[in-house]
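Enquirer: I'm passing along model_2.cif; it holds mmCIF, C-alpha atoms and all ligand atoms.
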```
data_my_file
#
loop_
_atom_site.group_PDB
_atom_site.id
_atom_site.type_symbol
_atom_site.label_atom_id
_atom_site.label_comp_id
_atom_site.auth_asym_id
_atom_site.auth_seq_id
_atom_site.Cartn_x
_atom_site.Cartn_y
_atom_site.Cartn_z
ATOM 1 C CA MET A 1 2.674 8.698 -7.063
ATOM 2 C CA ILE A 2 1.654 5.047 -6.697
ATOM 3 C CA ILE A 3 3.973 2.797 -4.687
ATOM 4 C CA ALA A 4 3.481 -0.989 -4.900
ATOM 5 C CA VAL A 5 4.960 -3.103 -2.115
ATOM 6 C CA ASP A 6 4.776 -6.892 -2.442
ATOM 7 C CA GLY A 7 6.263 -9.774 -0.510
ATOM 8 C CA PRO A 8 5.554 -12.812 1.644
ATOM 9 C CA THR A 9 4.095 -12.873 5.162
ATOM 10 C CA ALA A 10 6.224 -11.213 7.864
ATOM 11 C CA SER A 11 8.837 -9.988 5.381
ATOM 12 C CA GLY A 12 8.482 -6.481 6.810
ATOM 13 C CA LYS A 13 6.408 -5.200 3.885
ATOM 14 C CA GLY A 14 3.642 -3.817 6.135
ATOM 15 C CA THR A 15 6.060 -1.822 8.292
ATOM 16 C CA ILE A 16 7.856 -0.565 5.188
ATOM 17 C CA ALA A 17 4.617 0.347 3.373
ATOM 18 C CA ARG A 18 3.325 2.309 6.381
ATOM 19 C CA ALA A 19 6.651 4.146 6.701
ATOM 20 C CA LEU A 20 6.689 4.976 2.975
ATOM 21 C CA ALA A 21 3.134 6.320 3.238
ATOM 22 C CA ARG A 22 4.186 8.563 6.140
ATOM 23 C CA HIS A 23 7.382 9.687 4.437
ATOM 24 C CA PHE A 24 5.745 10.567 1.111
ATOM 25 C CA GLY A 25 2.450 11.769 2.652
ATOM 26 C CA LEU A 26 0.298 9.164 0.876
ATOM 27 C CA PRO A 27 -2.699 7.070 1.978
ATOM 28 C CA HIS A 28 -1.926 3.390 2.597
ATOM 29 C CA LEU A 29 -3.919 0.210 1.980
ATOM 30 C CA ASP A 30 -2.912 -3.121 3.518
ATOM 31 C CA THR A 31 -4.605 -5.374 0.942
ATOM 32 C CA GLY A 32 -3.987 -8.487 3.079
ATOM 33 C CA LEU A 33 -6.695 -7.147 5.389
ATOM 34 C CA LEU A 34 -9.291 -7.508 2.607
ATOM 35 C CA TYR A 35 -8.454 -11.206 2.197
ATOM 36 C CA ARG A 36 -8.361 -11.617 5.970
ATOM 37 C CA ALA A 37 -11.845 -10.067 6.210
ATOM 38 C CA VAL A 38 -13.154 -12.543 3.613
ATOM 39 C CA GLY A 39 -11.511 -15.449 5.455
ATOM 40 C CA TRP A 40 -12.912 -14.325 8.795
ATOM 41 C CA GLN A 41 -16.400 -13.749 7.381
ATOM 42 C CA VAL A 42 -16.575 -17.137 5.651
ATOM 43 C CA ALA A 43 -15.636 -18.923 8.869
ATOM 44 C CA ALA A 44 -18.023 -16.796 10.962
ATOM 45 C CA SER A 45 -20.918 -17.646 8.673
ATOM 46 C CA GLY A 46 -20.139 -21.367 8.822
ATOM 47 C CA GLY A 47 -18.927 -21.547 5.200
ATOM 48 C CA ASP A 48 -16.033 -23.489 3.720
ATOM 49 C CA PRO A 49 -13.080 -21.271 2.652
ATOM 50 C CA ASP A 50 -12.095 -23.827 0.017
ATOM 51 C CA GLN A 51 -15.497 -23.600 -1.703
ATOM 52 C CA VAL A 52 -15.554 -20.751 -4.167
ATOM 53 C CA ALA A 53 -19.271 -19.946 -3.672
ATOM 54 C CA ASP A 54 -18.853 -19.623 0.111
ATOM 55 C CA ALA A 55 -15.702 -17.515 -0.225
ATOM 56 C CA LEU A 56 -17.263 -15.283 -2.868
ATOM 57 C CA ALA A 57 -20.353 -14.666 -0.695
ATOM 58 C CA ALA A 58 -18.008 -13.439 2.059
ATOM 59 C CA THR A 59 -16.501 -10.686 -0.137
ATOM 60 C CA THR A 60 -19.476 -8.501 0.841
ATOM 61 C CA PHE A 61 -18.105 -8.175 4.394
ATOM 62 C CA PRO A 62 -19.009 -4.945 6.240
ATOM 63 C CA ASP A 63 -16.307 -2.221 6.165
ATOM 64 C CA ARG A 64 -16.162 -2.028 9.964
ATOM 65 C CA LEU A 65 -14.742 -5.564 10.004
ATOM 66 C CA LEU A 66 -11.456 -4.162 8.620
ATOM 67 C CA ALA A 67 -10.773 -2.529 12.012
ATOM 68 C CA ASP A 68 -11.374 -5.739 13.980
ATOM 69 C CA PRO A 69 -8.213 -7.006 15.760
ATOM 70 C CA ALA A 70 -9.431 -10.587 15.141
ATOM 71 C CA LEU A 71 -8.255 -10.157 11.555
ATOM 72 C CA ARG A 72 -4.629 -10.026 12.751
ATOM 73 C CA SER A 73 -4.531 -13.567 14.165
ATOM 74 C CA GLU A 74 -2.558 -16.432 12.635
ATOM 75 C CA ALA A 75 -5.775 -18.415 12.226
ATOM 76 C CA THR A 76 -7.356 -15.639 10.154
ATOM 77 C CA GLY A 77 -4.159 -15.345 8.088
ATOM 78 C CA ALA A 78 -4.409 -19.010 7.194
ATOM 79 C CA LEU A 79 -8.085 -18.600 6.208
ATOM 80 C CA ALA A 80 -7.132 -15.564 4.086
ATOM 81 C CA SER A 81 -4.530 -17.605 2.266
ATOM 82 C CA ARG A 82 -7.163 -20.249 1.444
ATOM 83 C CA VAL A 83 -9.852 -17.865 0.141
ATOM 84 C CA SER A 84 -7.262 -15.897 -1.868
ATOM 85 C CA ILE A 85 -6.665 -18.904 -4.123
ATOM 86 C CA HIS A 86 -10.050 -18.429 -5.859
ATOM 87 C CA PRO A 87 -9.788 -16.163 -8.947
ATOM 88 C CA GLU A 88 -13.432 -15.094 -8.383
ATOM 89 C CA VAL A 89 -12.566 -13.778 -4.920
ATOM 90 C CA ARG A 90 -9.528 -11.908 -6.272
ATOM 91 C CA ALA A 91 -11.683 -10.381 -9.032
ATOM 92 C CA ALA A 92 -14.322 -9.280 -6.510
ATOM 93 C CA LEU A 93 -11.690 -7.413 -4.460
ATOM 94 C CA MET A 94 -9.850 -5.921 -7.433
ATOM 95 C CA GLN A 95 -11.848 -2.745 -8.127
ATOM 96 C CA ARG A 96 -11.676 -1.625 -4.526
ATOM 97 C CA GLN A 97 -7.864 -1.856 -4.638
ATOM 98 C CA ARG A 98 -7.619 -0.158 -8.040
ATOM 99 C CA ASP A 99 -9.882 2.689 -6.877
ATOM 100 C CA PHE A 100 -7.667 3.171 -3.834
ATOM 101 C CA ALA A 101 -4.551 3.311 -6.049
ATOM 102 C CA ALA A 102 -6.235 5.782 -8.416
ATOM 103 C CA GLN A 103 -6.822 8.478 -5.772
ATOM 104 C CA PRO A 104 -5.570 11.918 -6.773
ATOM 105 C CA GLY A 105 -1.987 12.188 -5.537
ATOM 106 C CA GLY A 106 -1.548 8.437 -5.426
ATOM 107 C CA ALA A 107 -1.225 5.837 -2.687
ATOM 108 C CA VAL A 108 0.872 3.078 -1.184
ATOM 109 C CA LEU A 109 -0.550 -0.452 -1.431
ATOM 110 C CA ASP A 110 1.008 -3.556 0.010
ATOM 111 C CA GLY A 111 0.156 -7.175 -0.734
ATOM 112 C CA ARG A 112 1.141 -10.020 -3.031
ATOM 113 C CA ASP A 113 0.051 -8.914 -6.497
ATOM 114 C CA ILE A 114 0.106 -5.118 -6.389
ATOM 115 C CA ALA A 115 2.891 -4.633 -8.943
ATOM 116 C CA THR A 116 1.871 -7.652 -11.050
ATOM 117 C CA VAL A 117 -1.935 -7.266 -11.233
ATOM 118 C CA ILE A 118 -3.482 -4.386 -9.275
ATOM 119 C CA ALA A 119 -1.181 -1.535 -10.305
ATOM 120 C CA PRO A 120 1.399 -2.692 -12.870
ATOM 121 C CA HIS A 121 1.717 1.000 -13.832
ATOM 122 C CA ALA A 122 2.928 1.936 -10.302
ATOM 123 C CA ASP A 123 5.661 4.587 -10.227
ATOM 124 C CA ALA A 124 7.716 2.579 -7.743
ATOM 125 C CA LYS A 125 7.683 -1.172 -7.099
ATOM 126 C CA LEU A 126 9.359 -2.983 -4.232
ATOM 127 C CA PHE A 127 9.560 -6.703 -3.561
ATOM 128 C CA ILE A 128 10.341 -7.263 0.113
ATOM 129 C CA THR A 129 11.670 -10.620 1.202
ATOM 130 C CA ALA A 130 13.442 -12.298 4.144
ATOM 131 C CA SER A 131 14.486 -15.800 5.144
ATOM 132 C CA VAL A 132 11.805 -18.106 6.592
ATOM 133 C CA ALA A 133 13.719 -18.288 9.885
ATOM 134 C CA SER A 134 13.856 -14.518 10.382
ATOM 135 C CA ARG A 135 10.217 -14.079 9.331
ATOM 136 C CA ALA A 136 9.105 -16.826 11.732
ATOM 137 C CA LEU A 137 11.045 -15.244 14.595
ATOM 138 C CA ARG A 138 9.469 -11.822 13.952
ATOM 139 C CA ARG A 139 5.981 -13.289 13.735
ATOM 140 C CA TYR A 140 6.580 -15.291 16.909
ATOM 141 C CA ILE A 141 7.607 -12.170 18.859
ATOM 142 C CA GLU A 142 4.598 -10.256 17.466
ATOM 143 C CA MET A 143 2.145 -13.032 18.345
ATOM 144 C CA ARG A 144 3.504 -13.502 21.867
ATOM 145 C CA LYS A 145 3.205 -9.748 22.425
ATOM 146 C CA ALA A 146 -0.395 -9.941 21.238
ATOM 147 C CA GLY A 147 -0.997 -12.659 23.834
ATOM 148 C CA GLU A 148 -1.364 -15.567 21.379
ATOM 149 C CA ASP A 149 -0.121 -18.892 22.664
ATOM 150 C CA VAL A 150 1.934 -20.120 19.701
ATOM 151 C CA SER A 151 5.144 -22.091 19.224
ATOM 152 C CA ARG A 152 7.948 -21.121 16.849
ATOM 153 C CA GLU A 153 7.640 -24.502 15.145
ATOM 154 C CA SER A 154 3.951 -24.015 14.392
ATOM 155 C CA ILE A 155 4.628 -20.502 13.057
ATOM 156 C CA GLU A 156 7.400 -21.740 10.795
ATOM 157 C CA ALA A 157 5.200 -24.557 9.474
ATOM 158 C CA ASP A 158 2.329 -22.125 8.886
ATOM 159 C CA LEU A 159 4.601 -19.659 7.048
ATOM 160 C CA ALA A 160 5.963 -22.403 4.811
ATOM 161 C CA ALA A 161 2.429 -23.619 3.996
ATOM 162 C CA ARG A 162 1.274 -20.093 3.226
ATOM 163 C CA ASP A 163 4.334 -19.374 1.056
ATOM 164 C CA ALA A 164 3.667 -22.566 -0.892
ATOM 165 C CA ARG A 165 -0.017 -21.643 -1.436
ATOM 166 C CA ASP A 166 0.747 -18.008 -2.328
ATOM 167 C CA THR A 167 3.491 -18.827 -4.848
ATOM 168 C CA ALA A 168 1.980 -21.961 -6.397
ATOM 169 C CA ARG A 169 -1.572 -20.728 -7.025
ATOM 170 C CA SER A 170 -2.476 -20.063 -10.636
ATOM 171 C CA ALA A 171 -4.361 -16.796 -9.962
ATOM 172 C CA ALA A 172 -1.926 -13.931 -9.317
ATOM 173 C CA PRO A 173 0.834 -15.935 -7.619
ATOM 174 C CA LEU A 174 3.333 -14.126 -5.425
ATOM 175 C CA ARG A 175 6.323 -13.151 -7.562
ATOM 176 C CA GLN A 176 8.706 -10.274 -8.059
ATOM 177 C CA ALA A 177 7.275 -8.061 -10.823
ATOM 178 C CA GLU A 178 9.364 -6.931 -13.722
ATOM 179 C CA GLY A 179 11.010 -3.677 -12.719
ATOM 180 C CA ALA A 180 10.486 -4.253 -8.989
ATOM 181 C CA ALA A 181 13.461 -3.613 -6.715
ATOM 182 C CA LEU A 182 14.341 -6.483 -4.361
ATOM 183 C CA LEU A 183 14.928 -5.715 -0.681
ATOM 184 C CA ASP A 184 15.971 -8.552 1.655
ATOM 185 C CA THR A 185 15.251 -7.517 5.233
ATOM 186 C CA SER A 186 16.592 -10.682 6.967
ATOM 187 C CA ALA A 187 19.523 -8.896 8.583
ATOM 188 C CA LEU A 188 18.111 -5.369 8.698
ATOM 189 C CA PRO A 189 16.659 -3.573 11.716
ATOM 190 C CA PRO A 190 13.343 -1.862 10.764
ATOM 191 C CA GLU A 191 14.795 1.671 10.534
ATOM 192 C CA VAL A 192 17.557 0.508 8.175
ATOM 193 C CA ALA A 193 15.069 -1.401 5.996
ATOM 194 C CA ILE A 194 12.821 1.673 5.869
ATOM 195 C CA ALA A 195 15.693 3.973 4.852
ATOM 196 C CA ALA A 196 16.690 1.488 2.135
ATOM 197 C CA ALA A 197 13.092 1.342 0.861
ATOM 198 C CA ILE A 198 12.843 5.147 0.723
ATOM 199 C CA ALA A 199 16.116 5.286 -1.230
ATOM 200 C CA LEU A 200 14.850 2.649 -3.698
ATOM 201 C CA VAL A 201 11.589 4.547 -4.274
ATOM 202 C CA GLU A 202 13.495 7.805 -4.806
ATOM 203 C CA LYS A 203 15.792 6.097 -7.286
ATOM 204 C CA GLN A 204 12.877 4.567 -9.210
ATOM 205 C CA THR A 205 10.871 7.770 -9.358
ATOM 206 C CA ALA A 206 13.889 9.895 -10.397
ATOM 207 C CA ARG A 207 14.288 7.909 -13.631
HETATM 208 O O1 LIG B 301 -0.343 -9.970 4.080
HETATM 209 P P1 LIG B 301 -1.224 -10.839 4.923
HETATM 210 O O2 LIG B 301 -0.490 -11.877 5.699
HETATM 211 O O3 LIG B 301 -2.158 -10.048 5.774
HETATM 212 O O4 LIG B 301 -2.150 -11.618 3.860
HETATM 213 C C1 LIG B 301 -2.954 -12.689 4.251
HETATM 214 C C2 LIG B 301 -3.141 -13.615 3.051
HETATM 215 O O5 LIG B 301 -3.925 -12.950 2.057
HETATM 216 C C3 LIG B 301 -1.844 -14.001 2.342
HETATM 217 O O6 LIG B 301 -1.271 -15.189 2.847
HETATM 218 C C4 LIG B 301 -2.267 -14.171 0.901
HETATM 219 O O7 LIG B 301 -2.679 -15.496 0.657
HETATM 220 C C5 LIG B 301 -3.477 -13.271 0.744
HETATM 221 N N1 LIG B 301 -3.203 -12.047 -0.010
HETATM 222 C C6 LIG B 301 -3.259 -12.122 -1.391
HETATM 223 N N2 LIG B 301 -3.080 -10.999 -2.133
HETATM 224 C C7 LIG B 301 -2.846 -9.814 -1.544
HETATM 225 C C8 LIG B 301 -2.751 -9.726 -0.134
HETATM 226 C C9 LIG B 301 -2.929 -10.882 0.607
HETATM 227 O O8 LIG B 301 -3.455 -13.194 -1.941
HETATM 228 N N3 LIG B 301 -2.699 -8.720 -2.315
#
```
Let me see whether you can do it: turn the structure in this file into structure tokens.

Expert:
Amino acid sequence: MIIAVDGPTASGKGTIARALARHFGLPHLDTGLLYRAVGWQVAASGGDPDQVADALAATTFPDRLLADPALRSEATGALASRVSIHPEVRAALMQRQRDFAAQPGGAVLDGRDIATVIAPHADAKLFITASVASRALRRYIEMRKAGEDVSRESIEADLAARDARDTARSAAPLRQAEGAALLDTSALPPEVAIAAAIALVEKQTAR
């Protein structure tokens, strides 16, 4: 069974995807990490994330980078959003994601274009969303816990900029796929959102 989970930053899609993977006993891939690794690598090598050649060269990042906590920072998220605009970068990361989805038994993948581009044939598709205010608050709490010195205003501005880039780009923009179930987590505690997601997957796969 392939489960596709898409949605904007801090919508809760990562938490939900990990919980679905545990519940259904499937491997999970956070595809945002791949774009974060490219963003981190391009900056580390002194390249320009807005230049396609520099961003493309960074898609050959070493696998061990995926475990680096530096990828989780807001700054790396912003770099990821910039490199992900280039269709060439998206194409270079595509096969890796498709191979992961094609494992025997299936997988859970979360990102922006899983149900629209990477695995349109997924057995279950969820589009997770939440208001900008609730996403910014969650991200703020997460970042403070991680010891990052950030303000709520800067997080909200960053989220809005990233949303605009992710939805307006011409290559695989963020959108709810046809057949994807919408789950708004603004007012839901994590365990309630997870239970709702499990119920939606069960309903989709029972059809
Ligand atoms: O989900 P996360 O915040 O880690 O993603 C970082 C950035 O990578 C996003 O803002 C988005 O621009 C990009 N991304 C993407 N397609 C994906 C996953 C992430 O374009 N499937």

Enquirer: At a cut-off of 9 Å and counting only C-alpha atoms and all ligand atoms, what residues surround ligand LIG 301 (chain B)? Please answer as a ChimeraX atom specification.

Expert: /A:6-10,13-14,30-36,39,71-72,74,76-85,90,97,109-114,118,159,162-163,165-167,171-174

Enquirer: Mind writing the picked residues with C-alpha atoms as an mmCIF file, in the frame of the given file?

Expert:
```
data_model
loop_
_atom_site.group_PDB
_atom_site.id
_atom_site.type_symbol
_atom_site.label_atom_id
_atom_site.label_comp_id
_atom_site.auth_asym_id
_atom_site.auth_seq_id
_atom_site.Cartn_x
_atom_site.Cartn_y
_atom_site.Cartn_z
ATOM 1 C CA ASP A 6 4.776 -6.892 -2.442
ATOM 2 C CA GLY A 7 6.263 -9.774 -0.510
ATOM 3 C CA PRO A 8 5.554 -12.812 1.644
ATOM 4 C CA THR A 9 4.095 -12.873 5.162
ATOM 5 C CA ALA A 10 6.224 -11.213 7.864
ATOM 6 C CA LYS A 13 6.408 -5.200 3.885
ATOM 7 C CA GLY A 14 3.642 -3.817 6.135
ATOM 8 C CA ASP A 30 -2.912 -3.121 3.518
ATOM 9 C CA THR A 31 -4.605 -5.374 0.942
ATOM 10 C CA GLY A 32 -3.987 -8.487 3.079
ATOM 11 C CA LEU A 33 -6.695 -7.147 5.389
ATOM 12 C CA LEU A 34 -9.291 -7.508 2.607
ATOM 13 C CA TYR A 35 -8.454 -11.206 2.197
ATOM 14 C CA ARG A 36 -8.361 -11.617 5.970
ATOM 15 C CA GLY A 39 -11.511 -15.449 5.455
ATOM 16 C CA LEU A 71 -8.255 -10.157 11.555
ATOM 17 C CA ARG A 72 -4.629 -10.026 12.751
ATOM 18 C CA GLU A 74 -2.558 -16.432 12.635
ATOM 19 C CA THR A 76 -7.356 -15.639 10.154
ATOM 20 C CA GLY A 77 -4.159 -15.345 8.088
ATOM 21 C CA ALA A 78 -4.409 -19.010 7.194
ATOM 22 C CA LEU A 79 -8.085 -18.600 6.208
ATOM 23 C CA ALA A 80 -7.132 -15.564 4.086
ATOM 24 C CA SER A 81 -4.530 -17.605 2.266
ATOM 25 C CA ARG A 82 -7.163 -20.249 1.444
ATOM 26 C CA VAL A 83 -9.852 -17.865 0.141
ATOM 27 C CA SER A 84 -7.262 -15.897 -1.868
ATOM 28 C CA ILE A 85 -6.665 -18.904 -4.123
ATOM 29 C CA ARG A 90 -9.528 -11.908 -6.272
ATOM 30 C CA GLN A 97 -7.864 -1.856 -4.638
ATOM 31 C CA LEU A 109 -0.550 -0.452 -1.431
ATOM 32 C CA ASP A 110 1.008 -3.556 0.010
ATOM 33 C CA GLY A 111 0.156 -7.175 -0.734
ATOM 34 C CA ARG A 112 1.141 -10.020 -3.031
ATOM 35 C CA ASP A 113 0.051 -8.914 -6.497
ATOM 36 C CA ILE A 114 0.106 -5.118 -6.389
ATOM 37 C CA ILE A 118 -3.482 -4.386 -9.275
ATOM 38 C CA LEU A 159 4.601 -19.659 7.048
ATOM 39 C CA ARG A 162 1.274 -20.093 3.226
ATOM 40 C CA ASP A 163 4.334 -19.374 1.056
ATOM 41 C CA ARG A 165 -0.017 -21.643 -1.436
ATOM 42 C CA ASP A 166 0.747 -18.008 -2.328
ATOM 43 C CA THR A 167 3.491 -18.827 -4.848
ATOM 44 C CA ALA A 171 -4.361 -16.796 -9.962
ATOM 45 C CA ALA A 172 -1.926 -13.931 -9.317
ATOM 46 C CA PRO A 173 0.834 -15.935 -7.619
ATOM 47 C CA LEU A 174 3.333 -14.126 -5.425
#
```

Enquirer: Just want the 12 Å neighbourhood of Glu191 (chain A), counted on only C-alpha atoms, with same-chain residues fewer than 3 positions away dropped. Output as a tab-separated table (two decimals) with C-alpha atoms, in the coordinates of the input.

Expert:
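Printed below is out33.tsv as written:
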```tsv
chain	number	residue	atom	x	y	z
A	12	GLY	CA	8.48	-6.48	6.81
A	15	THR	CA	6.06	-1.82	8.29
A	16	ILE	CA	7.86	-0.56	5.19
A	19	ALA	CA	6.65	4.15	6.70
A	20	LEU	CA	6.69	4.98	2.98
A	185	THR	CA	15.25	-7.52	5.23
A	187	ALA	CA	19.52	-8.90	8.58
A	188	LEU	CA	18.11	-5.37	8.70
A	194	ILE	CA	12.82	1.67	5.87
A	195	ALA	CA	15.69	3.97	4.85
A	196	ALA	CA	16.69	1.49	2.13
A	197	ALA	CA	13.09	1.34	0.86
A	198	ILE	CA	12.84	5.15	0.72
```

Enquirer: Once the PyMOL selection byres (((chain A and resi 124) around 9) and not hetatm) has been applied to the shown file, what residues remain in the selection, as a list in words?

Expert: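 After applying the PyMOL selection byres (((chain A and resi 124) around 9) and not hetatm), what remains is Met1, Ile2, Ile3, Ala4, Val5, Ala115, His121, Ala122, Asp123, Lys125, Leu126, Gly179, Ala180, Ala181, Leu200, Val201, Glu202, Lys203, Gln204 and Thr205 of chain A.
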
Enquirer: From the list A:Ala160, A:Ala44, A:Ala75, A:Ala37, which residue is nearest Thr60 (chain A) when using only C-alpha atoms?

Expert: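 Among A:Ala160, A:Ala44, A:Ala75, A:Ala37, it is A:Ala37 that comes nearest to Thr60 (chain A).
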
Enquirer: If I take CA of Leu182 (chain A) and CA of Phe127 (chain A), how far is one from the other in Å, to one decimal?

Expert: 4.9 Å

Enquirer: Show me, as a list in words, the residues that have an atom within 7 Å of Asp184 (chain A) when counting all atoms listed in the file, minus same-chain residues fewer than 2 positions from it.

Expert: Ile128, Thr129, Ala130, Leu182 and Ser186 of chain A

Enquirer: Could the residues in this selection be saved with C-alpha atoms as a PDB file, in the coordinates of the input?

Expert:
```
ATOM      1  CA  ILE A 128      10.341  -7.263   0.113  1.00  0.00           C
ATOM      2  CA  THR A 129      11.670 -10.620   1.202  1.00  0.00           C
ATOM      3  CA  ALA A 130      13.442 -12.298   4.144  1.00  0.00           C
ATOM      4  CA  LEU A 182      14.341  -6.483  -4.361  1.00  0.00           C
ATOM      5  CA  SER A 186      16.592 -10.682   6.967  1.00  0.00           C
TER       6      SER A 186
END
```

Enquirer: Counting only C-alpha atoms, find the residues whose atoms lie at most 9 Å from (-0.8, 7.4, -2.6) (file coordinates) and write them out as number ranges by chain.

Expert: A: 1-3, 21, 24-28, 100-109

Enquirer: Would you work out the distance separating CA of Glu88 (chain A) from CA of Leu29 (chain A), expressed in Å to one decimal?

Expert: 20.8 Å

Enquirer: Any idea what's packed within 10 Å of Glu153 (chain A), counting only C-alpha atoms, ignoring anything in its chain fewer than 5 positions away? Could you give it as a CSV table (one decimal) with C-alpha atoms, in the coordinates of the input?

Expert:
```
chain,number,residue,atom,x,y,z
A,136,ALA,CA,9.1,-16.8,11.7
A,137,LEU,CA,11.0,-15.2,14.6
A,140,TYR,CA,6.6,-15.3,16.9
A,158,ASP,CA,2.3,-22.1,8.9
A,159,LEU,CA,4.6,-19.7,7.0
```

Enquirer: Between A:Leu93, A:Val38, A:Ile141, A:Ala161, which has the minimum distance to Asp54 (chain A) (counting all atoms listed in the file)?

Expert: A:Val38

Enquirer: With all atoms listed in the file as the atoms that count, which of A:Arg135, A:Glu148, A:Met143, A:Arg98 lies nearest to Val117 (chain A)?

Expert: A:Arg98

Enquirer: What does the distance from CA of Ala58 (chain A) to CA of Ser45 (chain A) come to in Å, to one decimal?

Expert: 8.4 Å

Enquirer: For Ser170 (chain A), which of A:Arg18, A:His86, A:Ala67, A:Ala146 is the closest residue, counting all atoms listed in the file?

Expert: A:His86

Enquirer: When you look at Arg144 (chain A) with a cut-off of 12 Å (counting only C-alpha atoms), what residues show up, excluding the ones that are within fewer than 6 positions of it in the same chain? I need them as a PyMOL selection string.

Expert: chain A and resi 73-74+137-138+150-152+155

Enquirer: Taking the block above, write region 25-37 of chain A with N, CA and C atoms as an mmCIF file, in the first residue's frame.

Expert:
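Generated file (part29.cif):
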```cif
data_model
loop_
_atom_site.group_PDB
_atom_site.id
_atom_site.type_symbol
_atom_site.label_atom_id
_atom_site.label_comp_id
_atom_site.auth_asym_id
_atom_site.auth_seq_id
_atom_site.Cartn_x
_atom_site.Cartn_y
_atom_site.Cartn_z
ATOM 1 N N GLY A 25 2.657 -0.243 9.487
ATOM 2 C CA GLY A 25 3.890 -1.033 9.363
ATOM 3 C C GLY A 25 4.607 -0.809 8.045
ATOM 4 N N LEU A 26 4.698 0.451 7.610
ATOM 5 C CA LEU A 26 5.327 0.767 6.318
ATOM 6 C C LEU A 26 6.556 1.652 6.514
ATOM 7 N N PRO A 27 7.532 1.578 5.596
ATOM 8 C CA PRO A 27 8.655 2.517 5.657
ATOM 9 C C PRO A 27 8.195 3.919 5.270
ATOM 10 N N HIS A 28 8.889 4.930 5.790
ATOM 11 C CA HIS A 28 8.462 6.323 5.574
ATOM 12 C C HIS A 28 9.593 7.150 4.988
ATOM 13 N N LEU A 29 9.279 7.990 4.015
ATOM 14 C CA LEU A 29 10.261 8.939 3.479
ATOM 15 C C LEU A 29 9.718 10.358 3.582
ATOM 16 N N ASP A 30 10.489 11.202 4.305
ATOM 17 C CA ASP A 30 10.199 12.631 4.390
ATOM 18 C C ASP A 30 10.930 13.277 3.208
ATOM 19 N N THR A 31 10.198 13.549 2.121
ATOM 20 C CA THR A 31 10.869 14.005 0.892
ATOM 21 C C THR A 31 11.400 15.434 1.031
ATOM 22 N N GLY A 32 10.877 16.197 2.007
ATOM 23 C CA GLY A 32 11.387 17.544 2.249
ATOM 24 C C GLY A 32 12.866 17.511 2.597
ATOM 25 N N LEU A 33 13.280 16.402 3.245
ATOM 26 C CA LEU A 33 14.692 16.272 3.636
ATOM 27 C C LEU A 33 15.606 16.254 2.424
ATOM 28 N N LEU A 34 15.139 15.685 1.314
ATOM 29 C CA LEU A 34 15.969 15.629 0.092
ATOM 30 C C LEU A 34 16.220 17.046 -0.416
ATOM 31 N N TYR A 35 15.152 17.862 -0.435
ATOM 32 C CA TYR A 35 15.305 19.254 -0.891
ATOM 33 C C TYR A 35 16.136 20.062 0.106
ATOM 34 N N ARG A 36 15.960 19.751 1.384
ATOM 35 C CA ARG A 36 16.766 20.431 2.409
ATOM 36 C C ARG A 36 18.249 20.088 2.223
ATOM 37 N N ALA A 37 18.537 18.817 1.910
ATOM 38 C CA ALA A 37 19.932 18.408 1.711
ATOM 39 C C ALA A 37 20.539 19.163 0.519
#
```
